[in-house]
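Asker: What follows is the file my_file08.cif, containing mmCIF, C-alpha atoms and all ligand atoms:
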data_query
loop_
_atom_site.label_atom_id
_atom_site.label_comp_id
_atom_site.auth_asym_id
_atom_site.auth_seq_id
_atom_site.Cartn_x
_atom_site.Cartn_y
_atom_site.Cartn_z
CA MET A 1 -28.94 41.98 -13.49
CA GLU A 2 -32.39 40.77 -14.31
CA ASP A 3 -32.25 41.47 -18.00
CA THR A 4 -31.75 37.86 -18.99
CA ARG A 5 -35.24 37.11 -17.73
CA THR A 6 -37.94 38.04 -20.21
CA ALA A 7 -39.54 41.31 -19.23
CA PRO A 8 -42.85 41.18 -17.35
CA PRO A 9 -45.85 41.99 -19.52
CA VAL A 10 -45.52 45.74 -19.36
CA LEU A 11 -48.20 48.05 -20.63
CA THR A 12 -46.80 51.21 -22.16
CA ALA A 13 -48.65 54.50 -22.31
CA ARG A 14 -48.67 54.24 -26.06
CA ALA A 15 -50.06 50.70 -26.06
CA ALA A 16 -52.85 51.93 -23.78
CA GLY A 17 -53.65 54.67 -26.28
CA LEU A 18 -52.29 57.36 -23.97
CA ILE A 19 -49.29 59.70 -24.00
CA GLY A 20 -46.66 59.74 -21.28
CA CYS A 21 -44.69 62.91 -20.61
CA THR A 22 -40.92 62.35 -20.89
CA GLN A 23 -40.23 65.19 -18.44
CA CYS A 24 -42.54 64.47 -15.52
CA GLY A 25 -44.17 61.11 -16.26
CA ARG A 26 -47.74 62.45 -16.25
CA VAL A 27 -50.05 60.32 -18.38
CA GLN A 28 -52.54 62.12 -20.55
CA GLU A 29 -55.31 61.65 -23.07
CA PRO A 30 -54.31 61.07 -26.67
CA GLY A 31 -54.29 64.27 -28.68
CA ALA A 32 -53.09 66.43 -25.80
CA GLU A 33 -50.45 68.83 -27.04
CA ARG A 34 -48.86 70.03 -23.84
CA CYS A 35 -48.44 68.23 -20.54
CA VAL A 36 -50.99 69.30 -17.93
CA ARG A 37 -48.36 69.07 -15.21
CA CYS A 38 -45.20 70.56 -16.71
CA GLN A 39 -46.40 72.07 -20.00
CA SER A 40 -43.76 70.27 -22.03
CA LEU A 41 -44.57 69.48 -25.63
CA LEU A 42 -45.99 65.96 -25.81
CA ARG A 43 -45.19 63.33 -28.35
CA SER A 44 -46.18 59.72 -28.06
CA ARG A 45 -43.07 59.00 -30.09
CA ASP A 46 -40.89 61.49 -31.88
CA GLU A 47 -41.18 60.24 -35.45
CA ALA A 48 -38.37 62.48 -36.66
CA SER A 49 -36.14 61.37 -33.79
CA LEU A 50 -33.98 59.00 -35.82
CA GLN A 51 -33.52 61.45 -38.68
CA LYS A 52 -32.32 64.07 -36.23
CA VAL A 53 -30.00 61.58 -34.59
CA TRP A 54 -28.42 60.64 -37.90
CA ALA A 55 -28.16 64.23 -39.13
CA TRP A 56 -26.39 65.50 -36.00
CA LEU A 57 -24.23 62.41 -35.81
CA PHE A 58 -23.11 62.90 -39.40
CA ALA A 59 -22.39 66.59 -38.75
CA GLY A 60 -20.33 65.62 -35.71
CA LEU A 61 -18.40 63.07 -37.72
CA VAL A 62 -17.66 65.57 -40.50
CA VAL A 63 -16.15 68.15 -38.16
CA TYR A 64 -14.28 65.49 -36.20
CA VAL A 65 -12.01 64.88 -39.20
CA PRO A 66 -10.44 68.37 -39.34
CA ALA A 67 -10.26 68.29 -35.54
CA ASN A 68 -7.76 65.47 -35.85
CA VAL A 69 -5.88 66.69 -38.92
CA TYR A 70 -5.34 70.35 -38.04
CA PRO A 71 -3.30 71.59 -35.07
CA MET A 72 -4.96 71.91 -31.71
CA LEU A 73 -2.05 73.90 -30.26
CA ARG A 74 0.58 76.11 -31.86
CA THR A 75 3.61 76.47 -29.63
CA SER A 76 6.21 79.13 -30.42
CA SER A 77 9.47 78.86 -28.58
CA LEU A 78 12.70 80.74 -29.37
CA GLY A 79 11.57 81.57 -32.87
CA LYS A 80 10.52 78.05 -33.67
CA THR A 81 6.90 77.17 -34.12
CA SER A 82 5.51 73.73 -33.73
CA ASP A 83 1.99 72.51 -34.20
CA SER A 84 0.49 69.67 -32.32
CA THR A 85 -2.64 67.76 -33.12
CA ILE A 86 -4.83 65.92 -30.64
CA LEU A 87 -2.92 62.69 -31.05
CA GLY A 88 0.39 64.59 -31.03
CA GLY A 89 -0.54 66.13 -27.69
CA VAL A 90 -1.10 62.66 -26.26
CA VAL A 91 2.26 61.48 -27.56
CA ASP A 92 3.96 64.55 -26.04
CA LEU A 93 2.41 63.75 -22.68
CA ILE A 94 3.73 60.19 -22.85
CA HIS A 95 7.24 61.51 -23.61
CA HIS A 96 6.78 63.79 -20.63
CA GLY A 97 6.22 60.71 -18.54
CA SER A 98 2.67 61.73 -17.63
CA ILE A 99 1.04 58.46 -18.55
CA GLY A 100 -2.05 59.04 -16.41
CA ILE A 101 -2.81 62.45 -17.91
CA ALA A 102 -2.04 61.11 -21.38
CA LEU A 103 -4.66 58.43 -20.78
CA ILE A 104 -7.25 61.02 -19.67
CA VAL A 105 -6.69 63.09 -22.81
CA PHE A 106 -6.64 60.00 -25.00
CA PHE A 107 -9.92 58.82 -23.54
CA ALA A 108 -11.62 62.21 -23.64
CA SER A 109 -10.48 63.23 -27.12
CA ILE A 110 -10.23 59.99 -29.04
CA MET A 111 -11.86 57.02 -27.32
CA ILE A 112 -15.03 58.80 -26.15
CA PRO A 113 -15.77 60.59 -29.46
CA VAL A 114 -15.11 57.49 -31.56
CA GLY A 115 -16.97 55.27 -29.11
CA LYS A 116 -19.86 57.71 -29.15
CA PHE A 117 -20.09 57.73 -32.94
CA LEU A 118 -20.21 53.93 -32.93
CA ALA A 119 -22.64 53.66 -29.99
CA ILE A 120 -25.13 56.21 -31.31
CA GLY A 121 -24.97 54.68 -34.79
CA TYR A 122 -25.51 51.22 -33.32
CA LEU A 123 -28.46 52.36 -31.20
CA ALA A 124 -30.09 54.11 -34.13
CA LEU A 125 -29.62 51.07 -36.36
CA SER A 126 -30.94 48.74 -33.68
CA ILE A 127 -34.35 50.41 -33.85
CA ARG A 128 -34.97 49.12 -37.34
CA ARG A 129 -32.90 45.96 -37.26
CA GLN A 130 -32.63 42.91 -35.09
CA VAL A 131 -29.49 43.12 -32.94
CA SER A 132 -27.98 40.79 -30.39
CA LEU A 133 -27.79 43.24 -27.48
CA SER A 134 -30.86 43.08 -25.22
CA ASP A 135 -33.16 46.07 -24.74
CA HIS A 136 -31.85 46.55 -21.27
CA ARG A 137 -28.19 46.56 -22.32
CA ARG A 138 -28.95 49.01 -25.10
CA HIS A 139 -30.73 51.27 -22.65
CA VAL A 140 -27.66 51.23 -20.41
CA LEU A 141 -25.48 52.00 -23.44
CA TYR A 142 -27.72 54.98 -24.19
CA GLU A 143 -27.38 56.27 -20.64
CA VAL A 144 -23.60 55.91 -20.75
CA VAL A 145 -23.42 57.81 -24.05
CA GLU A 146 -25.59 60.60 -22.62
CA PHE A 147 -23.51 60.86 -19.48
CA VAL A 148 -20.06 60.66 -20.98
CA GLY A 149 -20.44 62.95 -23.99
CA ARG A 150 -19.72 66.27 -22.33
CA TRP A 151 -16.41 65.04 -20.92
CA SER A 152 -14.92 65.15 -24.40
CA MET A 153 -14.79 68.92 -24.01
CA ILE A 154 -11.73 68.56 -21.73
CA ASP A 155 -9.18 69.09 -24.49
CA VAL A 156 -10.79 72.32 -25.65
CA PHE A 157 -10.60 73.66 -22.10
CA VAL A 158 -6.98 72.54 -21.81
CA VAL A 159 -6.09 74.49 -24.95
CA ALA A 160 -7.82 77.61 -23.61
CA ILE A 161 -6.05 77.38 -20.25
CA LEU A 162 -2.65 76.79 -21.84
CA ALA A 163 -3.13 79.69 -24.21
CA THR A 164 -3.90 82.13 -21.39
CA LEU A 165 -1.12 80.90 -19.17
CA VAL A 166 1.71 80.68 -21.62
CA GLN A 167 1.99 84.10 -23.22
CA LEU A 168 4.45 85.71 -25.56
CA ASP A 169 6.49 87.44 -22.86
CA PHE A 170 7.69 84.04 -21.71
CA ALA A 171 10.16 81.93 -23.54
CA ALA A 172 7.31 80.15 -25.18
CA SER A 173 3.83 81.04 -26.27
CA ILE A 174 0.88 78.86 -27.00
CA LYS A 175 -1.95 79.71 -29.33
CA PRO A 176 -5.09 77.71 -29.96
CA GLY A 177 -5.36 76.04 -33.34
CA ILE A 178 -8.34 75.76 -35.61
CA ALA A 179 -8.85 72.14 -34.57
CA ALA A 180 -10.08 73.39 -31.20
CA VAL A 181 -13.10 74.90 -32.93
CA SER A 182 -13.98 71.88 -35.00
CA PHE A 183 -13.44 69.57 -32.05
CA ALA A 184 -15.75 71.65 -29.84
CA LEU A 185 -18.35 71.60 -32.61
CA SER A 186 -18.01 67.85 -32.96
CA VAL A 187 -18.64 67.35 -29.23
CA ALA A 188 -21.65 69.67 -29.33
CA PHE A 189 -23.15 68.00 -32.41
CA THR A 190 -22.84 64.50 -30.99
CA MET A 191 -24.34 65.68 -27.69
CA ILE A 192 -27.35 67.00 -29.62
CA SER A 193 -27.48 63.75 -31.57
CA ALA A 194 -27.63 61.69 -28.37
CA GLN A 195 -30.25 64.03 -26.89
CA SER A 196 -32.41 63.68 -30.00
CA PHE A 197 -32.55 59.93 -29.53
CA ASP A 198 -35.82 58.79 -27.99
CA PRO A 199 -34.93 55.88 -25.67
CA ARG A 200 -38.54 54.66 -25.77
CA LEU A 201 -37.82 53.48 -29.31
CA ILE A 202 -35.37 50.91 -27.92
CA TRP A 203 -38.17 49.24 -26.01
CA ASP A 204 -40.81 49.63 -28.71
CA ALA A 205 -38.91 47.55 -31.21
CA SER A 206 -39.10 44.43 -29.06
CA GLU A 207 -42.84 44.81 -28.56
CA GLY A 208 -43.28 43.85 -32.18
CA ASP A 209 -44.96 47.07 -33.17
CA PRO A 210 -42.37 49.18 -34.93
CA ALA A 211 -43.49 52.77 -35.23
CA MET B 212 -44.59 53.24 -6.60
CA MET B 213 -42.12 50.44 -6.43
CA GLN B 214 -44.29 48.50 -4.01
CA ASP B 215 -47.43 48.08 -6.03
CA ALA B 216 -45.72 48.63 -9.34
CA GLN B 217 -44.72 44.99 -9.34
CA GLN B 218 -48.09 44.48 -10.96
CA PRO B 219 -48.27 46.82 -13.95
CA PRO B 220 -51.64 48.31 -14.89
CA LYS B 221 -53.80 46.27 -17.25
CA LEU B 222 -55.38 47.62 -20.40
CA THR B 223 -58.80 46.28 -19.43
CA ASP B 224 -59.25 48.34 -16.27
CA LEU B 225 -57.25 51.53 -16.48
CA PRO B 226 -57.71 53.87 -13.51
CA ASP B 227 -57.97 57.65 -13.68
CA LEU B 228 -54.99 59.04 -15.59
CA ALA B 229 -53.78 61.06 -12.58
CA GLN B 230 -53.16 57.77 -10.75
CA LEU B 231 -50.79 56.55 -13.43
CA ILE B 232 -47.23 57.46 -14.23
CA ALA B 233 -45.31 56.59 -17.37
CA CYS B 234 -41.58 55.93 -17.13
CA PRO B 235 -39.95 59.01 -18.73
CA GLN B 236 -37.30 56.73 -20.22
CA CYS B 237 -39.25 53.79 -21.64
CA ASP B 238 -42.98 54.70 -21.41
CA ALA B 239 -43.93 51.75 -19.16
CA LEU B 240 -47.04 52.52 -17.10
CA HIS B 241 -47.04 52.27 -13.32
CA PHE B 242 -49.50 53.02 -10.57
CA ASP B 243 -48.45 56.35 -9.13
CA ALA B 244 -48.29 55.68 -5.40
CA ASP B 245 -46.58 58.14 -3.08
CA VAL B 246 -42.94 57.28 -2.61
CA PRO B 247 -41.85 57.51 1.04
CA THR B 248 -39.06 59.97 1.75
CA GLY B 249 -35.68 58.34 1.45
CA GLU B 250 -36.84 55.57 -0.86
CA THR B 251 -36.22 55.27 -4.56
CA ALA B 252 -38.84 54.22 -7.08
CA ARG B 253 -37.50 52.57 -10.19
CA CYS B 254 -39.13 51.57 -13.43
CA ILE B 255 -40.12 47.90 -13.47
CA ARG B 256 -38.88 47.51 -17.02
CA CYS B 257 -35.79 49.68 -17.58
CA HIS B 258 -34.90 50.22 -13.89
CA ALA B 259 -34.45 53.96 -14.43
CA VAL B 260 -35.02 56.01 -11.28
CA ILE B 261 -38.45 57.58 -11.52
CA GLU B 262 -38.74 59.23 -8.13
CA ALA B 263 -36.38 59.65 -5.20
CA PRO B 264 -37.79 62.08 -2.64
CA ARG B 265 -35.27 63.10 0.01
CA GLN B 266 -35.55 64.78 3.37
CA LEU B 267 -35.52 68.58 2.96
CA ALA B 268 -34.45 68.12 -0.65
CA MET B 269 -35.80 71.49 -1.79
CA THR B 270 -34.06 73.41 1.00
CA ARG B 271 -30.80 71.63 0.34
CA ILE B 272 -30.98 72.31 -3.38
CA ILE B 273 -31.52 76.02 -2.72
CA MET B 274 -28.64 76.21 -0.28
CA LEU B 275 -26.32 74.35 -2.61
CA ALA B 276 -27.35 76.41 -5.62
CA ALA B 277 -26.79 79.61 -3.65
CA ALA B 278 -23.38 78.37 -2.53
CA ALA B 279 -22.58 77.48 -6.13
CA LEU B 280 -23.50 81.00 -7.26
CA ILE B 281 -21.25 82.63 -4.67
CA LEU B 282 -18.38 80.31 -5.52
CA MET B 283 -18.84 81.04 -9.19
CA ILE B 284 -18.56 84.79 -8.58
CA ALA B 285 -15.41 84.22 -6.54
CA ALA B 286 -14.02 81.98 -9.26
CA ILE B 287 -14.56 84.65 -11.90
CA PHE B 288 -12.82 87.51 -10.13
CA PHE B 289 -9.94 85.91 -8.26
CA PRO B 290 -6.85 84.69 -10.08
CA PHE B 291 -7.16 81.12 -11.14
CA LEU B 292 -3.63 80.02 -11.86
CA GLU B 293 -0.25 81.72 -11.60
CA LEU B 294 2.69 80.94 -13.76
CA HIS B 295 6.17 81.88 -12.56
CA ALA B 296 8.86 81.88 -15.21
CA ALA B 297 11.97 83.96 -15.84
CA GLY B 298 11.16 86.26 -12.94
CA ARG B 299 7.74 87.12 -14.24
CA ILE B 300 4.35 86.18 -12.99
CA GLN B 301 1.48 85.51 -15.32
CA ARG B 302 -1.85 85.42 -13.54
CA SER B 303 -4.86 84.14 -15.28
CA SER B 304 -8.44 84.32 -14.20
CA LEU B 305 -11.45 82.49 -15.48
CA LEU B 306 -12.22 85.47 -17.71
CA ASP B 307 -8.75 85.31 -19.26
CA THR B 308 -9.30 81.64 -20.02
CA VAL B 309 -12.59 82.38 -21.67
CA MET B 310 -10.91 85.09 -23.77
CA ALA B 311 -8.14 82.75 -24.92
CA PHE B 312 -9.93 82.10 -28.17
CA SER B 313 -10.78 85.73 -28.82
CA THR B 314 -8.38 86.32 -31.68
CA GLY B 315 -8.27 84.96 -35.19
CA MET B 316 -10.23 82.03 -36.48
CA THR B 317 -11.01 80.65 -33.05
CA ALA B 318 -12.98 83.76 -31.98
CA PRO B 319 -16.42 82.06 -31.99
CA LEU B 320 -15.14 79.67 -29.35
CA THR B 321 -14.91 82.57 -26.89
CA LEU B 322 -18.66 82.80 -26.71
CA ALA B 323 -19.05 79.07 -26.39
CA MET B 324 -16.48 78.90 -23.59
CA ALA B 325 -18.11 81.77 -21.70
CA ALA B 326 -21.44 79.99 -22.03
CA LEU B 327 -20.26 76.53 -20.99
CA ILE B 328 -18.11 77.54 -18.02
CA VAL B 329 -19.82 80.65 -16.65
CA VAL B 330 -23.10 81.78 -18.18
CA LEU B 331 -25.05 78.52 -18.39
CA PRO B 332 -24.12 77.35 -14.88
CA ILE B 333 -25.16 80.76 -13.49
CA ILE B 334 -28.50 80.67 -15.33
CA ARG B 335 -29.06 77.14 -14.07
CA PHE B 336 -28.33 77.96 -10.42
CA THR B 337 -30.48 81.09 -10.52
CA SER B 338 -33.48 79.40 -12.07
CA LEU B 339 -33.25 76.50 -9.62
CA ILE B 340 -33.32 78.94 -6.70
CA TYR B 341 -36.24 80.76 -8.32
CA VAL B 342 -38.20 77.52 -8.66
CA MET B 343 -37.31 75.90 -5.34
CA ALA B 344 -37.37 78.82 -2.89
CA PRO B 345 -41.18 79.24 -2.76
CA MET B 346 -41.51 75.45 -2.46
CA ALA B 347 -39.14 75.19 0.46
CA PHE B 348 -41.14 77.81 2.33
CA GLY B 349 -44.38 76.09 1.44
CA TRP B 350 -45.59 78.95 -0.72
CA GLN B 351 -47.19 78.89 -4.12
CA PRO B 352 -44.80 78.41 -7.01
CA ALA B 353 -43.40 81.61 -8.50
CA ARG B 354 -44.69 82.89 -11.82
CA HIS B 355 -43.39 80.86 -14.74
CA ALA B 356 -41.74 78.44 -12.34
CA GLU B 357 -42.53 75.62 -14.78
CA SER B 358 -40.69 77.30 -17.64
CA ALA B 359 -37.76 78.10 -15.36
CA PHE B 360 -37.44 74.48 -14.21
CA ARG B 361 -37.76 73.16 -17.75
CA MET B 362 -34.94 75.47 -18.78
CA ALA B 363 -32.77 74.44 -15.83
CA GLU B 364 -33.19 70.79 -16.77
CA ALA B 365 -32.48 71.43 -20.44
CA LEU B 366 -29.26 73.25 -19.52
CA ARG B 367 -27.97 70.46 -17.32
CA PRO B 368 -25.71 68.75 -19.90
CA TRP B 369 -24.39 72.09 -21.19
CA ALA B 370 -23.22 73.50 -17.87
CA MET B 371 -19.70 72.11 -17.87
CA ALA B 372 -18.02 73.43 -14.74
CA GLU B 373 -16.77 70.01 -13.64
CA VAL B 374 -15.38 69.17 -17.05
CA PHE B 375 -13.45 72.42 -16.96
CA ILE B 376 -11.84 71.46 -13.64
CA VAL B 377 -10.44 68.26 -15.11
CA GLY B 378 -9.17 70.37 -18.01
CA VAL B 379 -7.29 72.56 -15.53
CA ALA B 380 -5.65 69.50 -14.02
CA VAL B 381 -4.49 68.33 -17.43
CA ALA B 382 -3.19 71.80 -18.30
CA LEU B 383 -1.22 71.93 -15.05
CA VAL B 384 0.67 68.80 -15.97
CA LYS B 385 1.34 70.02 -19.50
CA VAL B 386 2.89 73.29 -18.29
CA ALA B 387 4.73 71.74 -15.37
CA GLY B 388 7.95 71.27 -17.33
CA LEU B 389 7.86 74.80 -18.71
CA ALA B 390 7.53 76.89 -15.60
CA HIS B 391 6.65 76.94 -11.96
CA LEU B 392 2.95 76.96 -11.47
CA ALA B 393 0.85 78.05 -8.52
CA ILE B 394 -2.81 77.55 -7.96
CA GLY B 395 -4.86 80.64 -7.13
CA PRO B 396 -7.82 80.91 -4.74
CA ALA B 397 -10.29 80.84 -7.60
CA PHE B 398 -9.20 77.34 -8.46
CA TRP B 399 -10.28 76.07 -5.05
CA ALA B 400 -13.50 78.03 -5.32
CA PHE B 401 -14.15 76.22 -8.55
CA VAL B 402 -13.33 72.81 -7.12
CA ALA B 403 -15.79 73.50 -4.31
CA LEU B 404 -18.31 74.61 -6.91
CA VAL B 405 -18.04 71.29 -8.69
CA ILE B 406 -18.56 69.30 -5.48
CA VAL B 407 -21.56 71.45 -4.61
CA THR B 408 -23.04 70.97 -8.08
CA VAL B 409 -22.72 67.21 -7.94
CA LEU B 410 -24.31 67.13 -4.46
CA LYS B 411 -27.17 69.31 -5.61
CA ASP B 412 -27.94 67.19 -8.64
CA ASN B 413 -28.06 64.14 -6.40
CA PHE B 414 -30.81 65.67 -4.31
CA MET B 415 -32.87 66.46 -7.30
CA SER B 416 -35.55 64.14 -8.51
CA ARG B 417 -37.17 65.67 -11.53
CA VAL B 418 -40.53 63.92 -11.23
CA THR B 419 -40.79 64.83 -7.54
CA VAL B 420 -40.16 68.50 -8.29
CA TRP B 421 -42.82 68.47 -10.99
CA LYS B 422 -45.34 66.82 -8.70
CA THR B 423 -44.67 69.32 -5.92
CA LEU B 424 -45.04 72.21 -8.36
CA GLU B 425 -48.38 70.78 -9.49
CA GLN B 426 -49.69 70.29 -5.96
CA ARG B 427 -48.74 73.81 -4.88
CA ARG B 428 -50.17 75.49 -7.93
CA PRO B 429 -53.75 76.59 -7.18
CA SER B 430 -55.88 75.56 -10.09
ZN ZN C 501 -45.02 66.60 -18.12
ZN ZN C 502 -38.67 52.51 -17.78
#
For the structure just supplied, provide its representation as structure tokens.
Ligand SMILES: [Zn+2]
Ligand SMILES: [Zn+2]
Answerer:
Amino acid sequence: MEDTRTAPPVLTARAAGLIGCTQCGRVQEPGAERCVRCQSLLRSRDEASLQKVWAWLFAGLVVYVPANVYPMLRTSSLGKTSDSTILGGVVDLIHHGSIGIALIVFFASIMIPVGKFLAIGYLALSIRRQVSLSDHRRHVLYEVVEFVGRWSMIDVFVVAILATLVQLDFAASIKPGIAAVSFALSVAFTMISAQSFDPRLIWDASEGDPA
Amino acid sequence: MMQDAQQPPKLTDLPDLAQLIACPQCDALHFDADVPTGETARCIRCHAVIEAPRQLAMTRIIMLAAAALILMIAAIFFPFLELHAAGRIQRSSLLDTVMAFSTGMTAPLTLAMAALIVVLPIIRFTSLIYVMAPMAFGWQPARHAESAFRMAEALRPWAMAEVFIVGVAVALVKVAGLAHLAIGPAFWAFVALVIVTVLKDNFMSRVTVWKTLEQRRPS
């Protein structure tokens, strides 16, 4: 990786008094509202970007709490009903001996969401504060967060599939719990939070001209 | 772009704006040279891929998107998984899975599931075909092709077919102790769909598509 080397003297569209389109890269005159090539809305920098990031991140965090406390699955078998939370489902899988699958669920439902909260929070903070991670590393972190976010939805899909497969006329039945809703919301909110983040801000900060 | 981009533009002598390109990720300016087919142009600062034109990319995207649409239709109507227990068979299709949340407090999830697994991917495939087909034949872009492509790109993170497939795998293991499970034809259709989707997205270079649209649009 070349990121240890100090970056070459790069001229940004903003520093040149121009606006670059984040969709298609077309450079345009300042004051242009829509891109001449792709008609996207243009913003040199999205000033409200960080506020949006924080708002959605906070919303995602709030609904993530009930997602972990309330049952994800409600299994009825021979008159007995048992609830299992996200973490409980992972533990069940380990008892089952399915370590690999347990790891997938653990990663998708616990590690990725928690890691995402931390990473997005860190990136948003790093815009205003000096941090140790280089611009390039933070950009990579941003790309990872963007890529990985949707995979958290796995557990919601698992619940839906289980609920259709295992119906009452069998010895057992499985019903989705309310945590499935709040978990799905949490994933969606953090995805929106990550999408609201303007990665150009990462690079601006080091140019010594904070927006 | 990569070739002459080693020297970034200078503020003192900026060329015509159409000869410049700003990195969509970090805003760094580059000279917008034509990228030869098969090569990849990356940003000099953040190394993000800016352009990656590929041989027959448009045609391949159309074919893959069309294949994805057909597979999706198959996946909806054929049984997805079969559960054998106590002499009964429970078949479930993609639609059943979507409807799993349709009762009680989880009802709103039904809509979300239908959107994530079926509706959004279908909209995305259709709009890609709509945008790319005239380009592959060398025609003018269709009406509102720009809006259609913008929508297709915005939907990309929300079309979760491949995430759903991993969910199926996890569910299979969870039920394995409970009953005998068989995989229906729709499951394989869906697996194929995921592979096709990943392939298609690899052929797609957003900036290249935008440039082609611009060149073909008579002004
Ligand atoms: Zn544009
Ligand atoms: Zn860049």
Asker: Please identify all residues of chain A having at least one atom at most 8 Å from any atom of chain B, considering all atoms listed in the file, and return them as JSON, numbers by chain.
Answerer: {"A": [7, 8, 9, 10, 11, 12, 13, 14, 16, 20, 21, 22, 23, 24, 25, 26, 27, 28, 29, 37, 38, 39, 40, 93, 98, 101, 105, 136, 139, 150, 151, 153, 154, 155, 157, 158, 159, 160, 161, 162, 163, 164, 165, 166, 170, 176, 177, 178, 180, 181, 199, 200, 201, 202, 203]}
Asker: Pick out the closest residue to Val53 (chain A) from this set: A:Tyr142, A:Phe106, A:Phe197, A:Phe147. Count all atoms listed in the file.
Answerer: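 Ranking A:Tyr142, A:Phe106, A:Phe197, A:Phe147 by distance to Val53 (chain A), first place goes to A:Phe197.
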Asker: Near region 405-410 of chain B, counting only C-alpha atoms, which residues have an atom at most 9 Å away, once you skip same-chain residues fewer than 5 positions from it, shown as number ranges by chain?
Answerer: B: 272, 275-276, 278-279, 372-373, 376, 400
Asker: Taking into account all atoms listed in the file, which residue in the set B:Arg335, B:Arg271, B:His355, B:Arg253 is nearest to Met415 (chain B)?
Answerer: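 Residue with the minimum atom-to-atom distance to Met415 (chain B): B:Arg271.
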Asker: How many Å separate CA of Leu339 (chain B) from CA of Ala365 (chain B)?
Answerer: 12.0 Å
Asker: Quick one: residues within 7 Å of Thr75 (chain A), only C-alpha atoms counted, chain neighbours fewer than 6 positions away excluded, as a PDB file with C-alpha atoms, keeping the file's coordinate frame?
Answerer:
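Listing of result.pdb after writing:
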ATOM      1  CA  THR A  81       6.900  77.170 -34.120  1.00  0.00           C
ATOM      2  CA  SER A  82       5.510  73.730 -33.730  1.00  0.00           C
ATOM      3  CA  ASP A  83       1.990  72.510 -34.200  1.00  0.00           C
ATOM      4  CA  ALA A 172       7.310  80.150 -25.180  1.00  0.00           C
ATOM      5  CA  SER A 173       3.830  81.040 -26.270  1.00  0.00           C
ATOM      6  CA  ILE A 174       0.880  78.860 -27.000  1.00  0.00           C
ATOM      7  CA  LYS A 175      -1.950  79.710 -29.330  1.00  0.00           C
TER       8      LYS A 175
END
Asker: May I ask for the distance between CA of Ile192 (chain A) and CA of Leu57 (chain A), given in Å to one decimal place?
Answerer: 8.3 Å
Asker: Would you compute the distance between CA of Pro429 (chain B) and CA of Gly17 (chain A)? Give it in Å to one decimal.
Answerer: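 We find that CA of Pro429 (chain B) and CA of Gly17 (chain A) lie 29.1 Å from each other.
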Asker: So that I can see what lies close to region 58-69 of chain A, please list as a ChimeraX atom specification the residues with an atom at most 9 Å from it, counting only C-alpha atoms and leaving out residues fewer than 4 positions away in the same chain.
Answerer: /A:53-54,85-87,113-114,117,178-191,193
Asker: Determine the nearest neighbour of ligand ZN 501 (chain C) from the options A:Arg43, A:Val145, A:Arg129, A:Ile120, counting all atoms listed in the file.
Answerer: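 Result for the nearest residue to ligand ZN 501 (chain C): A:Arg43.
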Asker: Which one is closest to ligand ZN 502 (chain C): A:Gly88, A:Leu125, A:Val140, A:Lys52? Count all atoms listed in the file.
Answerer: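 Between A:Gly88, A:Leu125, A:Val140, A:Lys52, the residue approaching ligand ZN 502 (chain C) most closely is A:Val140.
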Asker: Adding 6 Å on each side of the box along x, y and z that holds all listed atoms of region 121-138 of chain A, could you give its centre and edge lengths in Å to one decimal, as JSON?
Answerer:
{"center_x": -30.0, "center_y": 47.7, "center_z": -29.3, "size_x": 22.0, "size_y": 25.9, "size_z": 28.1}
Asker: Show which residues sit within 6 Å of Ser84 (chain A), as number ranges by chain. Count all atoms listed in the file, and ignore same-chain residues fewer than 2 positions away.
Answerer: A: 71-73, 88-89
Asker: Given only C-alpha atoms as the basis, pick out the residue of B:Leu282, B:Phe348, B:Pro290, B:Arg427 nearest to Phe336 (chain B).
Answerer: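 Smallest separation from Phe336 (chain B) among the options: B:Leu282.
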